[in-house]
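Novice: File follows, upload_25.cif with mmCIF, C-alpha atoms and all ligand atoms:
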data_protein
#
loop_
_atom_site.label_atom_id
_atom_site.label_comp_id
_atom_site.auth_asym_id
_atom_site.auth_seq_id
_atom_site.Cartn_x
_atom_site.Cartn_y
_atom_site.Cartn_z
CA MET I 1 7.33 -66.43 -39.76
CA ASP I 2 8.14 -63.65 -42.21
CA ILE I 3 6.64 -60.45 -40.81
CA LYS I 4 7.83 -56.91 -41.60
CA ASN I 5 7.98 -54.38 -38.78
CA GLY I 6 5.51 -51.70 -39.90
CA PHE I 7 6.03 -49.29 -42.80
CA VAL I 8 9.69 -48.79 -41.94
CA GLY I 9 10.42 -52.51 -41.93
CA SER I 10 8.75 -52.87 -45.33
CA VAL I 11 11.09 -50.50 -47.19
CA GLY I 12 13.51 -52.23 -49.57
CA ASN I 13 14.05 -55.88 -50.50
CA THR I 14 12.20 -55.25 -53.75
CA PRO I 15 12.16 -57.88 -56.51
CA LEU I 16 14.60 -57.78 -59.42
CA ILE I 17 12.43 -58.27 -62.50
CA ARG I 18 13.64 -59.66 -65.85
CA LEU I 19 12.22 -57.48 -68.61
CA ASN I 20 11.40 -60.31 -70.97
CA ARG I 21 10.78 -58.52 -74.27
CA PHE I 22 13.73 -56.17 -73.91
CA SER I 23 15.98 -59.09 -72.88
CA GLU I 24 14.90 -61.23 -75.84
CA GLU I 25 15.39 -58.38 -78.29
CA THR I 26 18.87 -57.44 -77.11
CA GLY I 27 20.20 -60.89 -76.19
CA CYS I 28 21.16 -59.43 -72.80
CA GLU I 29 19.52 -59.93 -69.43
CA ILE I 30 17.82 -56.57 -68.79
CA LEU I 31 16.83 -56.53 -65.12
CA GLY I 32 14.75 -53.87 -63.36
CA LYS I 33 14.81 -53.35 -59.60
CA ALA I 34 11.13 -52.90 -58.80
CA GLU I 35 11.35 -49.84 -56.56
CA PHE I 36 7.75 -48.90 -57.32
CA LEU I 37 6.87 -51.80 -54.99
CA ASN I 38 8.29 -50.00 -51.95
CA PRO I 39 5.51 -49.22 -49.42
CA GLY I 40 5.56 -45.50 -50.32
CA GLY I 41 5.67 -46.36 -54.01
CA SER I 42 9.12 -45.25 -55.12
CA VAL I 43 12.89 -45.62 -54.93
CA LYS I 44 12.92 -42.60 -52.61
CA ASP I 45 11.52 -44.50 -49.60
CA ARG I 46 15.04 -45.79 -48.98
CA ALA I 47 16.66 -42.34 -48.89
CA ALA I 48 13.80 -40.94 -46.77
CA LEU I 49 14.24 -43.70 -44.20
CA TYR I 50 18.03 -43.40 -44.00
CA ILE I 51 17.85 -39.59 -43.69
CA ILE I 52 15.28 -39.72 -40.87
CA GLU I 53 17.00 -42.52 -38.95
CA ASP I 54 20.40 -40.81 -39.31
CA ALA I 55 18.90 -37.61 -37.80
CA GLU I 56 17.35 -39.65 -34.97
CA ARG I 57 20.66 -41.36 -34.20
CA LYS I 58 22.44 -37.99 -34.14
CA GLY I 59 19.79 -36.61 -31.75
CA LEU I 60 18.75 -33.94 -34.28
CA LEU I 61 15.16 -35.15 -34.60
CA LYS I 62 13.23 -35.45 -31.36
CA PRO I 63 9.68 -36.69 -30.66
CA GLY I 64 7.07 -34.37 -32.13
CA GLY I 65 9.64 -32.77 -34.46
CA THR I 66 9.17 -31.71 -38.08
CA VAL I 67 10.94 -32.99 -41.18
CA VAL I 68 11.30 -30.25 -43.82
CA GLU I 69 12.26 -30.93 -47.41
CA GLY I 70 12.26 -29.60 -50.94
CA THR I 71 11.27 -32.40 -53.28
CA ALA I 72 9.96 -33.22 -56.74
CA GLY I 73 7.45 -35.39 -54.88
CA ASN I 74 8.67 -38.92 -54.30
CA THR I 75 11.07 -38.11 -51.48
CA GLY I 76 8.32 -36.07 -49.85
CA ILE I 77 5.88 -38.96 -50.14
CA GLY I 78 8.42 -41.33 -48.55
CA LEU I 79 9.16 -38.82 -45.79
CA ALA I 80 5.44 -38.17 -45.13
CA HIS I 81 4.72 -41.91 -44.75
CA ILE I 82 7.64 -42.37 -42.36
CA CYS I 83 6.71 -39.22 -40.40
CA ASN I 84 3.23 -40.69 -39.89
CA ALA I 85 4.64 -44.05 -38.85
CA LYS I 86 7.10 -42.45 -36.40
CA GLY I 87 4.98 -39.52 -35.14
CA TYR I 88 6.70 -36.54 -36.80
CA LYS I 89 5.26 -33.63 -38.77
CA CYS I 90 6.25 -33.05 -42.38
CA LEU I 91 6.62 -29.79 -44.35
CA ILE I 92 7.22 -30.05 -48.10
CA PHE I 93 8.27 -27.44 -50.69
CA ILE I 94 7.57 -28.64 -54.22
CA PRO I 95 8.08 -26.90 -57.59
CA ASP I 96 4.68 -26.12 -59.15
CA THR I 97 5.79 -27.92 -62.32
CA GLN I 98 5.32 -31.34 -60.70
CA SER I 99 2.28 -33.56 -61.26
CA GLN I 100 -0.91 -32.80 -59.30
CA GLU I 101 -1.07 -36.48 -58.30
CA LYS I 102 2.09 -36.12 -56.20
CA ILE I 103 0.88 -32.89 -54.55
CA ASP I 104 -2.53 -34.47 -53.77
CA MET I 105 -0.84 -37.57 -52.38
CA LEU I 106 1.36 -35.50 -50.06
CA ARG I 107 -1.70 -33.67 -48.71
CA THR I 108 -3.59 -36.95 -48.27
CA LEU I 109 -0.67 -38.19 -46.19
CA GLY I 110 -1.03 -35.14 -43.95
CA ALA I 111 2.07 -33.24 -45.00
CA GLU I 112 1.90 -29.47 -45.16
CA VAL I 113 2.62 -28.77 -48.82
CA ARG I 114 3.84 -25.48 -50.26
CA PRO I 115 3.98 -25.50 -54.07
CA ILE I 116 6.35 -22.76 -55.22
CA PRO I 117 7.51 -21.44 -58.61
CA ALA I 118 10.25 -23.54 -60.22
CA VAL I 119 13.46 -21.47 -60.31
CA PRO I 120 17.10 -22.55 -60.81
CA TYR I 121 19.27 -23.65 -57.90
CA LYS I 122 21.28 -20.42 -57.92
CA ASP I 123 18.11 -18.54 -56.89
CA PRO I 124 17.61 -18.56 -53.06
CA ASN I 125 13.91 -19.20 -53.73
CA ASN I 126 14.71 -22.54 -55.35
CA TYR I 127 12.55 -25.25 -53.69
CA ALA I 128 15.52 -27.12 -52.23
CA ARG I 129 17.23 -24.00 -50.89
CA ILE I 130 14.08 -22.47 -49.42
CA SER I 131 13.34 -25.69 -47.53
CA GLY I 132 16.76 -25.39 -45.85
CA THR I 133 16.22 -21.74 -44.94
CA VAL I 134 12.79 -22.44 -43.42
CA ALA I 135 13.99 -25.54 -41.51
CA ALA I 136 16.79 -23.49 -39.91
CA GLN I 137 14.21 -21.00 -38.57
CA MET I 138 11.98 -23.67 -36.98
CA GLU I 139 12.14 -25.25 -33.53
CA ASN I 140 12.73 -29.01 -33.35
CA ALA I 141 12.92 -29.40 -37.12
CA ILE I 142 15.42 -30.99 -39.47
CA TRP I 143 16.17 -30.29 -43.10
CA ALA I 144 16.29 -33.63 -44.90
CA ASN I 145 18.57 -32.08 -47.58
CA GLN I 146 18.40 -35.13 -49.86
CA PHE I 147 20.72 -33.62 -52.49
CA ASP I 148 23.71 -33.12 -50.22
CA ASN I 149 22.96 -35.36 -47.23
CA LEU I 150 25.13 -38.46 -47.67
CA ALA I 151 22.70 -40.59 -45.64
CA ASN I 152 20.87 -40.77 -49.00
CA ARG I 153 23.62 -42.55 -50.89
CA ILE I 154 24.64 -44.60 -47.86
CA GLY I 155 21.09 -45.99 -47.85
CA HIS I 156 21.49 -47.10 -51.45
CA TYR I 157 24.99 -48.46 -50.81
CA GLU I 158 23.83 -50.55 -47.87
CA THR I 159 20.49 -51.68 -49.28
CA THR I 160 19.91 -51.24 -53.06
CA GLY I 161 23.52 -52.05 -54.00
CA ALA I 162 23.80 -54.99 -51.62
CA GLU I 163 20.43 -56.37 -52.76
CA ILE I 164 21.35 -56.17 -56.47
CA TRP I 165 24.63 -57.96 -55.77
CA ALA I 166 22.88 -60.72 -53.78
CA GLN I 167 19.95 -61.10 -56.20
CA THR I 168 22.28 -61.60 -59.18
CA ASP I 169 24.86 -63.72 -57.29
CA GLY I 170 27.31 -61.02 -58.32
CA LYS I 171 26.75 -61.73 -62.01
CA VAL I 172 26.27 -58.13 -63.13
CA ASP I 173 28.09 -56.68 -66.13
CA ALA I 174 26.62 -53.20 -66.09
CA TRP I 175 24.50 -50.90 -63.98
CA VAL I 176 22.73 -47.84 -65.37
CA THR I 177 20.27 -45.37 -63.89
CA ALA I 178 19.12 -41.77 -64.13
CA THR I 179 19.76 -39.46 -61.25
CA GLY I 180 18.08 -36.64 -59.38
CA THR I 181 20.00 -36.30 -56.13
CA GLY I 182 22.55 -38.89 -57.20
CA GLY I 183 21.76 -41.13 -54.23
CA THR I 184 20.70 -44.22 -56.15
CA LEU I 185 23.37 -43.96 -58.86
CA ALA I 186 26.15 -43.22 -56.39
CA GLY I 187 25.26 -45.70 -53.65
CA VAL I 188 24.83 -48.64 -56.01
CA SER I 189 27.85 -47.71 -58.16
CA LEU I 190 30.10 -47.48 -55.08
CA PHE I 191 28.89 -50.85 -53.79
CA LEU I 192 29.19 -52.71 -57.10
CA LYS I 193 32.63 -51.24 -57.98
CA GLU I 194 33.93 -52.26 -54.56
CA LYS I 195 32.76 -55.82 -55.18
CA ASN I 196 33.96 -55.96 -58.79
CA PRO I 197 35.68 -53.00 -60.47
CA ALA I 198 34.93 -54.53 -63.91
CA ILE I 199 31.20 -53.78 -63.52
CA LYS I 200 30.38 -50.91 -65.85
CA THR I 201 28.60 -48.02 -64.09
CA VAL I 202 26.66 -45.68 -66.35
CA LEU I 203 24.57 -42.53 -65.91
CA ALA I 204 21.32 -42.24 -67.88
CA ASP I 205 20.35 -38.62 -68.40
CA PRO I 206 17.31 -36.87 -69.91
CA MET I 207 17.62 -33.81 -72.15
CA GLY I 208 17.67 -30.58 -70.14
CA SER I 209 20.11 -32.02 -67.59
CA GLY I 210 23.78 -31.05 -67.34
CA LEU I 211 25.09 -34.33 -66.00
CA TYR I 212 25.56 -36.18 -69.30
CA SER I 213 28.03 -33.52 -70.47
CA TYR I 214 29.62 -33.48 -67.02
CA VAL I 215 30.40 -37.21 -67.14
CA LYS I 216 31.54 -37.01 -70.78
CA THR I 217 33.64 -33.82 -70.62
CA GLY I 218 33.80 -32.55 -67.02
CA GLU I 219 31.72 -29.47 -67.99
CA ILE I 220 28.03 -28.87 -67.31
CA THR I 221 26.16 -27.82 -70.45
CA ILE I 222 22.40 -27.97 -70.78
CA GLU I 223 20.45 -28.53 -73.99
CA GLY I 224 16.77 -29.19 -74.60
CA SER I 225 14.19 -30.23 -72.03
CA SER I 226 12.31 -33.27 -70.76
CA ILE I 227 8.85 -34.14 -69.45
CA THR I 228 10.35 -36.62 -66.97
CA GLU I 229 10.03 -35.66 -63.32
CA GLY I 230 12.52 -36.17 -60.50
CA ILE I 231 15.61 -36.67 -62.65
CA GLY I 232 18.31 -34.57 -64.22
CA ASN I 233 20.36 -31.87 -62.50
CA SER I 234 22.27 -28.69 -63.27
CA ARG I 235 24.87 -29.24 -60.56
CA VAL I 236 27.00 -31.98 -59.02
CA THR I 237 25.49 -32.74 -55.62
CA ALA I 238 27.47 -34.03 -52.64
CA ASN I 239 25.80 -37.39 -53.25
CA MET I 240 27.19 -37.45 -56.83
CA GLU I 241 30.69 -36.35 -55.94
CA GLY I 242 33.51 -38.83 -56.47
CA VAL I 243 31.27 -41.54 -57.86
CA PRO I 244 33.04 -44.02 -60.11
CA LEU I 245 31.24 -43.72 -63.48
CA ASP I 246 32.43 -45.27 -66.73
CA ASP I 247 30.05 -43.59 -69.14
CA ALA I 248 26.83 -41.64 -69.68
CA ILE I 249 23.93 -42.10 -72.08
CA GLN I 250 21.52 -39.33 -73.06
CA ILE I 251 17.92 -40.31 -73.82
CA HIS I 252 15.32 -38.19 -75.62
CA ASP I 253 11.72 -38.11 -74.36
CA THR I 254 10.47 -39.62 -77.64
CA GLU I 255 12.40 -42.80 -76.83
CA ALA I 256 11.61 -42.76 -73.08
CA VAL I 257 7.86 -42.42 -73.74
CA ARG I 258 7.94 -45.22 -76.33
CA VAL I 259 9.69 -47.45 -73.76
CA VAL I 260 7.21 -46.55 -70.99
CA TYR I 261 4.30 -47.63 -73.19
CA ARG I 262 6.13 -50.80 -74.27
CA LEU I 263 6.72 -51.63 -70.59
CA LEU I 264 2.99 -51.20 -70.01
CA LYS I 265 1.72 -53.08 -73.05
CA GLU I 266 4.39 -55.74 -73.52
CA GLU I 267 5.76 -56.35 -70.02
CA GLY I 268 2.64 -55.49 -67.98
CA LEU I 269 4.56 -52.92 -65.93
CA PHE I 270 2.94 -49.55 -65.19
CA VAL I 271 5.82 -47.14 -64.47
CA GLY I 272 6.71 -43.44 -64.64
CA GLY I 273 8.85 -41.46 -67.06
CA SER I 274 12.20 -41.81 -65.30
CA THR I 275 11.87 -45.58 -65.68
CA GLY I 276 11.45 -45.01 -69.42
CA ILE I 277 14.78 -43.16 -69.46
CA ASN I 278 16.39 -45.97 -67.45
CA VAL I 279 15.16 -48.88 -69.55
CA ALA I 280 15.90 -47.03 -72.81
CA ALA I 281 19.44 -46.47 -71.53
CA ALA I 282 19.77 -50.15 -70.51
CA VAL I 283 18.74 -51.15 -74.06
CA ALA I 284 21.24 -48.68 -75.59
CA LEU I 285 23.94 -50.10 -73.32
CA ALA I 286 23.03 -53.67 -74.32
CA LYS I 287 23.46 -52.70 -77.98
CA GLN I 288 26.86 -51.13 -77.22
CA MET I 289 28.11 -54.08 -75.14
CA GLY I 290 26.69 -56.85 -77.34
CA SER I 291 24.62 -59.88 -76.35
CA GLY I 292 25.24 -62.08 -73.33
CA HIS I 293 25.57 -59.34 -70.70
CA THR I 294 23.51 -58.71 -67.57
CA ILE I 295 22.42 -55.10 -67.18
CA VAL I 296 20.60 -53.81 -64.11
CA THR I 297 18.51 -50.65 -63.83
CA ILE I 298 15.80 -49.15 -61.62
CA LEU I 299 12.01 -49.16 -62.06
CA CYS I 300 11.65 -45.95 -60.03
CA ASP I 301 7.95 -45.34 -59.43
CA SER I 302 4.45 -46.19 -60.64
CA GLY I 303 2.69 -44.73 -63.65
CA SER I 304 -0.25 -43.90 -61.38
CA ARG I 305 1.70 -40.77 -60.30
CA TYR I 306 1.48 -39.49 -63.90
CA GLN I 307 -2.05 -40.38 -65.07
CA SER I 308 -2.84 -36.75 -65.85
CA ARG I 309 0.34 -36.32 -67.92
CA LEU I 310 2.33 -39.21 -69.36
CA PHE I 311 -0.78 -41.38 -69.62
CA ASN I 312 -3.09 -38.59 -70.82
CA GLN I 313 -3.02 -38.62 -74.63
CA GLU I 314 -3.99 -34.95 -74.96
CA TRP I 315 -1.28 -33.81 -72.59
CA LEU I 316 1.27 -36.01 -74.33
CA ALA I 317 0.28 -34.68 -77.75
CA SER I 318 0.57 -31.10 -76.42
CA LYS I 319 4.24 -31.89 -75.74
CA GLY I 320 4.69 -33.29 -79.26
CA LEU I 321 5.00 -36.85 -77.92
CA SER I 322 3.14 -40.07 -78.59
CA PRO I 323 3.14 -43.64 -77.24
CA ASP I 324 4.67 -44.95 -80.47
N1 LIG A 1 12.92 -41.26 -60.57
C1 LIG A 1 12.01 -40.53 -59.90
C2 LIG A 1 10.59 -40.58 -60.34
C3 LIG A 1 12.40 -39.73 -58.81
O1 LIG A 1 11.48 -38.99 -58.15
C4 LIG A 1 13.77 -39.70 -58.44
C5 LIG A 1 14.22 -38.84 -57.28
N2 LIG A 1 13.98 -37.48 -57.39
C6 LIG A 1 14.69 -40.45 -59.17
C7 LIG A 1 14.22 -41.24 -60.22
C8 LIG A 1 16.18 -40.39 -58.91
O2 LIG A 1 16.62 -40.82 -57.68
P1 LIG A 1 17.86 -40.20 -56.92
O3 LIG A 1 17.39 -38.99 -56.18
O4 LIG A 1 18.32 -41.29 -56.02
O5 LIG A 1 18.92 -39.82 -57.91
#
Turn this file's structure into structure tokens for me.
Specialist:
Amino acid sequence: MDIKNGFVGSVGNTPLIRLNRFSEETGCEILGKAEFLNPGGSVKDRAALYIIEDAERKGLLKPGGTVVEGTAGNTGIGLAHICNAKGYKCLIFIPDTQSQEKIDMLRTLGAEVRPIPAVPYKDPNNYARISGTVAAQMENAIWANQFDNLANRIGHYETTGAEIWAQTDGKVDAWVTATGTGGTLAGVSLFLKEKNPAIKTVLADPMGSGLYSYVKTGEITIEGSSITEGIGNSRVTANMEGVPLDDAIQIHDTEAVRVVYRLLKEEGLFVGGSTGINVAAAVALAKQMGSGHTIVTILCDSGSRYQSRLFNQEWLASKGLSPD
């Protein structure tokens, strides 16, 4: 028998998918970890589960308690599913720049959602910071704190990293992904480097994020902007600290959008904008490294979370972008 134990038991063990067109074109094996197939629909189910179970183990989260978080959406969706499955309440602060689909989804799941103006991290009203302040004032509540709670990257070290290693029989030459909290990039990079220090670990970064310059020069400088949601950062989180990275690649939205539509039309994969950044970066890396290498990245979430934006031609045109 092969039966998963509820929602929680269904998180992880996602397929590793060969992106056929991109592999043929580059002469490399371009492999995407299909995180959109997690039961909550994104890579963030793993972090949500590890954060909640870590708080349970530490006795911080008790029956009937509330999980509070500031999130661009996917972590909140993962947390809300798990709260339902385990009998907790969920309170989510989300910047009002995020897609309506994610806000609607959170409400459908029964989370209390407070959309708030998007302000930089240094402002105490920043969505992540305000969620921490509110959690501290509540009875029987925890702050998930995905950016600086290391349970996030430990989840990716123990599951995503270990799965990629097993699924490729250790035959990985490079690993590249974009980062929001740093959990996925850090956890997988730490695991793969421990197994084989020759594996190249690379950050993919959208415009408008300071991490590309941080990896390249040690300084955070921010230029431009991006329509992608959930990725990029203006600070080095605890989850990102000390992560062994060999390089960084910056991807413009024009390229990411083109890749998203190619994934849809040529590979049959309906994914969101951060996956476009990831696959574009994997292709750039393949060109740098030359043919014959195996490069792994993440297919973060489904395009259905962005129907009103990335897959709405008028909206796309209003941002000066097009599918080709
Ligand atoms: N893609 C999407 C769509 C996301 O929501 C996130 C998380 N915010 C990421 C990628 C990056 O994941 P991580 O937080 O592990 O860096």
Novice: Within 8 Å of segment 304-312 of chain I, counting only C-alpha atoms, which residues qualify if same-chain residues fewer than 3 places away don't, as a CSV table (one decimal) with C-alpha atoms, keeping the file's coordinate frame?
Specialist:
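part31.csv, written as the output of this step:
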chain,number,residue,atom,x,y,z
I,99,SER,CA,2.3,-33.6,-61.3
I,100,GLN,CA,-0.9,-32.8,-59.3
I,101,GLU,CA,-1.1,-36.5,-58.3
I,102,LYS,CA,2.1,-36.1,-56.2
I,257,VAL,CA,7.9,-42.4,-73.7
I,270,PHE,CA,2.9,-49.6,-65.2
I,271,VAL,CA,5.8,-47.1,-64.5
I,272,GLY,CA,6.7,-43.4,-64.6
I,273,GLY,CA,8.8,-41.5,-67.1
I,301,ASP,CA,8.0,-45.3,-59.4
I,315,TRP,CA,-1.3,-33.8,-72.6
I,316,LEU,CA,1.3,-36.0,-74.3
Novice: Separation of atom CA of Ile251 of chain I and atom CA of Ala72 of chain I, in Å?
Specialist: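 Computed distance, atom CA of Ile251 of chain I to atom CA of Ala72 of chain I, equals 20.1 Å.
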Novice: Within 8 Å of ligand LIG 1 (chain A), which residues of chain I show up? Give each one with its shortest atom-to-atom distance in Å (one decimal) and the two atoms involved, counting all atoms listed in the file, rows by chain then rising residue number, as JSON lines.
Specialist:
{"residue": "I:Ser42", "atom": "CA", "partner": "A:LIG1", "partner_atom": "C2", "distance": 7.2}
{"residue": "I:Val43", "atom": "CA", "partner": "A:LIG1", "partner_atom": "O2", "distance": 6.7}
{"residue": "I:Lys44", "atom": "CA", "partner": "A:LIG1", "partner_atom": "C5", "distance": 6.1}
{"residue": "I:Ala47", "atom": "CA", "partner": "A:LIG1", "partner_atom": "O4", "distance": 7.4}
{"residue": "I:Thr71", "atom": "CA", "partner": "A:LIG1", "partner_atom": "N2", "distance": 7.1}
{"residue": "I:Ala72", "atom": "CA", "partner": "A:LIG1", "partner_atom": "N2", "distance": 5.9}
{"residue": "I:Gly73", "atom": "CA", "partner": "A:LIG1", "partner_atom": "O1", "distance": 6.3}
{"residue": "I:Asn74", "atom": "CA", "partner": "A:LIG1", "partner_atom": "O1", "distance": 4.8}
{"residue": "I:Thr75", "atom": "CA", "partner": "A:LIG1", "partner_atom": "N2", "distance": 6.6}
{"residue": "I:Gln146", "atom": "CA", "partner": "A:LIG1", "partner_atom": "O3", "distance": 7.5}
{"residue": "I:Phe147", "atom": "CA", "partner": "A:LIG1", "partner_atom": "O3", "distance": 7.3}
{"residue": "I:Asn152", "atom": "CA", "partner": "A:LIG1", "partner_atom": "O4", "distance": 7.5}
{"residue": "I:Arg153", "atom": "CA", "partner": "A:LIG1", "partner_atom": "O4", "distance": 7.5}
{"residue": "I:Ala178", "atom": "CA", "partner": "A:LIG1", "partner_atom": "C8", "distance": 6.1}
{"residue": "I:Thr179", "atom": "CA", "partner": "A:LIG1", "partner_atom": "O5", "distance": 3.5}
{"residue": "I:Gly180", "atom": "CA", "partner": "A:LIG1", "partner_atom": "O5", "distance": 3.6}
{"residue": "I:Thr181", "atom": "CA", "partner": "A:LIG1", "partner_atom": "O3", "distance": 3.7}
{"residue": "I:Gly182", "atom": "CA", "partner": "A:LIG1", "partner_atom": "O5", "distance": 3.8}
{"residue": "I:Gly183", "atom": "CA", "partner": "A:LIG1", "partner_atom": "O4", "distance": 3.9}
{"residue": "I:Thr184", "atom": "CA", "partner": "A:LIG1", "partner_atom": "O4", "distance": 3.8}
{"residue": "I:Leu185", "atom": "CA", "partner": "A:LIG1", "partner_atom": "O5", "distance": 6.2}
{"residue": "I:Thr228", "atom": "CA", "partner": "A:LIG1", "partner_atom": "C2", "distance": 7.7}
{"residue": "I:Glu229", "atom": "CA", "partner": "A:LIG1", "partner_atom": "C2", "distance": 5.8}
{"residue": "I:Gly230", "atom": "CA", "partner": "A:LIG1", "partner_atom": "N2", "distance": 3.7}
{"residue": "I:Ile231", "atom": "CA", "partner": "A:LIG1", "partner_atom": "C6", "distance": 5.2}
{"residue": "I:Gly272", "atom": "CA", "partner": "A:LIG1", "partner_atom": "C2", "distance": 6.5}
{"residue": "I:Gly273", "atom": "CA", "partner": "A:LIG1", "partner_atom": "C2", "distance": 7.0}
{"residue": "I:Ser274", "atom": "CA", "partner": "A:LIG1", "partner_atom": "N1", "distance": 4.8}
{"residue": "I:Thr275", "atom": "CA", "partner": "A:LIG1", "partner_atom": "N1", "distance": 6.8}
{"residue": "I:Cys300", "atom": "CA", "partner": "A:LIG1", "partner_atom": "N1", "distance": 4.9}
{"residue": "I:Asp301", "atom": "CA", "partner": "A:LIG1", "partner_atom": "C2", "distance": 5.5}
Novice: Could you save the residues just selected, with C-alpha atoms, as an mmCIF file, keeping the file's coordinate frame?
Specialist:
data_model
loop_
_atom_site.group_PDB
_atom_site.id
_atom_site.type_symbol
_atom_site.label_atom_id
_atom_site.label_comp_id
_atom_site.auth_asym_id
_atom_site.auth_seq_id
_atom_site.Cartn_x
_atom_site.Cartn_y
_atom_site.Cartn_z
ATOM 1 C CA SER I 42 9.120 -45.250 -55.120
ATOM 2 C CA VAL I 43 12.890 -45.620 -54.930
ATOM 3 C CA LYS I 44 12.920 -42.600 -52.610
ATOM 4 C CA ALA I 47 16.660 -42.340 -48.890
ATOM 5 C CA THR I 71 11.270 -32.400 -53.280
ATOM 6 C CA ALA I 72 9.960 -33.220 -56.740
ATOM 7 C CA GLY I 73 7.450 -35.390 -54.880
ATOM 8 C CA ASN I 74 8.670 -38.920 -54.300
ATOM 9 C CA THR I 75 11.070 -38.110 -51.480
ATOM 10 C CA GLN I 146 18.400 -35.130 -49.860
ATOM 11 C CA PHE I 147 20.720 -33.620 -52.490
ATOM 12 C CA ASN I 152 20.870 -40.770 -49.000
ATOM 13 C CA ARG I 153 23.620 -42.550 -50.890
ATOM 14 C CA ALA I 178 19.120 -41.770 -64.130
ATOM 15 C CA THR I 179 19.760 -39.460 -61.250
ATOM 16 C CA GLY I 180 18.080 -36.640 -59.380
ATOM 17 C CA THR I 181 20.000 -36.300 -56.130
ATOM 18 C CA GLY I 182 22.550 -38.890 -57.200
ATOM 19 C CA GLY I 183 21.760 -41.130 -54.230
ATOM 20 C CA THR I 184 20.700 -44.220 -56.150
ATOM 21 C CA LEU I 185 23.370 -43.960 -58.860
ATOM 22 C CA THR I 228 10.350 -36.620 -66.970
ATOM 23 C CA GLU I 229 10.030 -35.660 -63.320
ATOM 24 C CA GLY I 230 12.520 -36.170 -60.500
ATOM 25 C CA ILE I 231 15.610 -36.670 -62.650
ATOM 26 C CA GLY I 272 6.710 -43.440 -64.640
ATOM 27 C CA GLY I 273 8.850 -41.460 -67.060
ATOM 28 C CA SER I 274 12.200 -41.810 -65.300
ATOM 29 C CA THR I 275 11.870 -45.580 -65.680
ATOM 30 C CA CYS I 300 11.650 -45.950 -60.030
ATOM 31 C CA ASP I 301 7.950 -45.340 -59.430
#
Novice: Write out as an MDAnalysis selection string each polymer residue whose atoms come within 9 Å of Lys62 of chain I, counting all atoms listed in the file; drop sequence neighbours fewer than 3 positions from it.
Specialist: chainID I and resid 55:56 59 65:66 88 140:141
Novice: Just C-alpha atoms for this one: save the residues we selected as a PDB file, keeping the file's coordinate frame.
Specialist:
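The resulting selection02.pdb:
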ATOM      1  CA  ALA I  55      18.900 -37.610 -37.800  1.00  0.00           C
ATOM      2  CA  GLU I  56      17.350 -39.650 -34.970  1.00  0.00           C
ATOM      3  CA  GLY I  59      19.790 -36.610 -31.750  1.00  0.00           C
ATOM      4  CA  GLY I  65       9.640 -32.770 -34.460  1.00  0.00           C
ATOM      5  CA  THR I  66       9.170 -31.710 -38.080  1.00  0.00           C
ATOM      6  CA  TYR I  88       6.700 -36.540 -36.800  1.00  0.00           C
ATOM      7  CA  ASN I 140      12.730 -29.010 -33.350  1.00  0.00           C
ATOM      8  CA  ALA I 141      12.920 -29.400 -37.120  1.00  0.00           C
TER       9      ALA I 141
END
Novice: Can you build me a table of segment 142-225 of chain I residues sitting at most 9 Å from segment 129-133 of chain I, with the closest atom pair per residue and its distance in Å to one decimal, using all atoms listed in the file, sorted by chain and residue number, as CSV?
Specialist:
residue,atom,partner,partner_atom,distance
I:Ile142,CA,I:Gly132,CA,8.6
I:Trp143,CA,I:Gly132,CA,5.6
I:Ala144,CA,I:Gly132,CA,8.3
I:Asn145,CA,I:Gly132,CA,7.1
Novice: For the selection you just gave me, I'd like the residues written to a file as a tab-separated table (two decimals), keeping the file's coordinate frame, keeping C-alpha atoms.
Specialist:
chain	number	residue	atom	x	y	z
I	142	ILE	CA	15.42	-30.99	-39.47
I	143	TRP	CA	16.17	-30.29	-43.10
I	144	ALA	CA	16.29	-33.63	-44.90
I	145	ASN	CA	18.57	-32.08	-47.58
Novice: For a test of reading the model, state the distance in Å between atom CA of Leu37 of chain I and atom CA of His81 of chain I, rounded to one decimal.
Specialist: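 Spanning atom CA of Leu37 of chain I to atom CA of His81 of chain I is a straight-line distance of 14.4 Å.
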Novice: At what distance in Å, to one decimal, does atom CA of Val172 of chain I lie from atom CA of Asp148 of chain I?
Specialist: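 Interatomic distance, atom CA of Asp148 of chain I to atom CA of Val172 of chain I: 28.3 Å.
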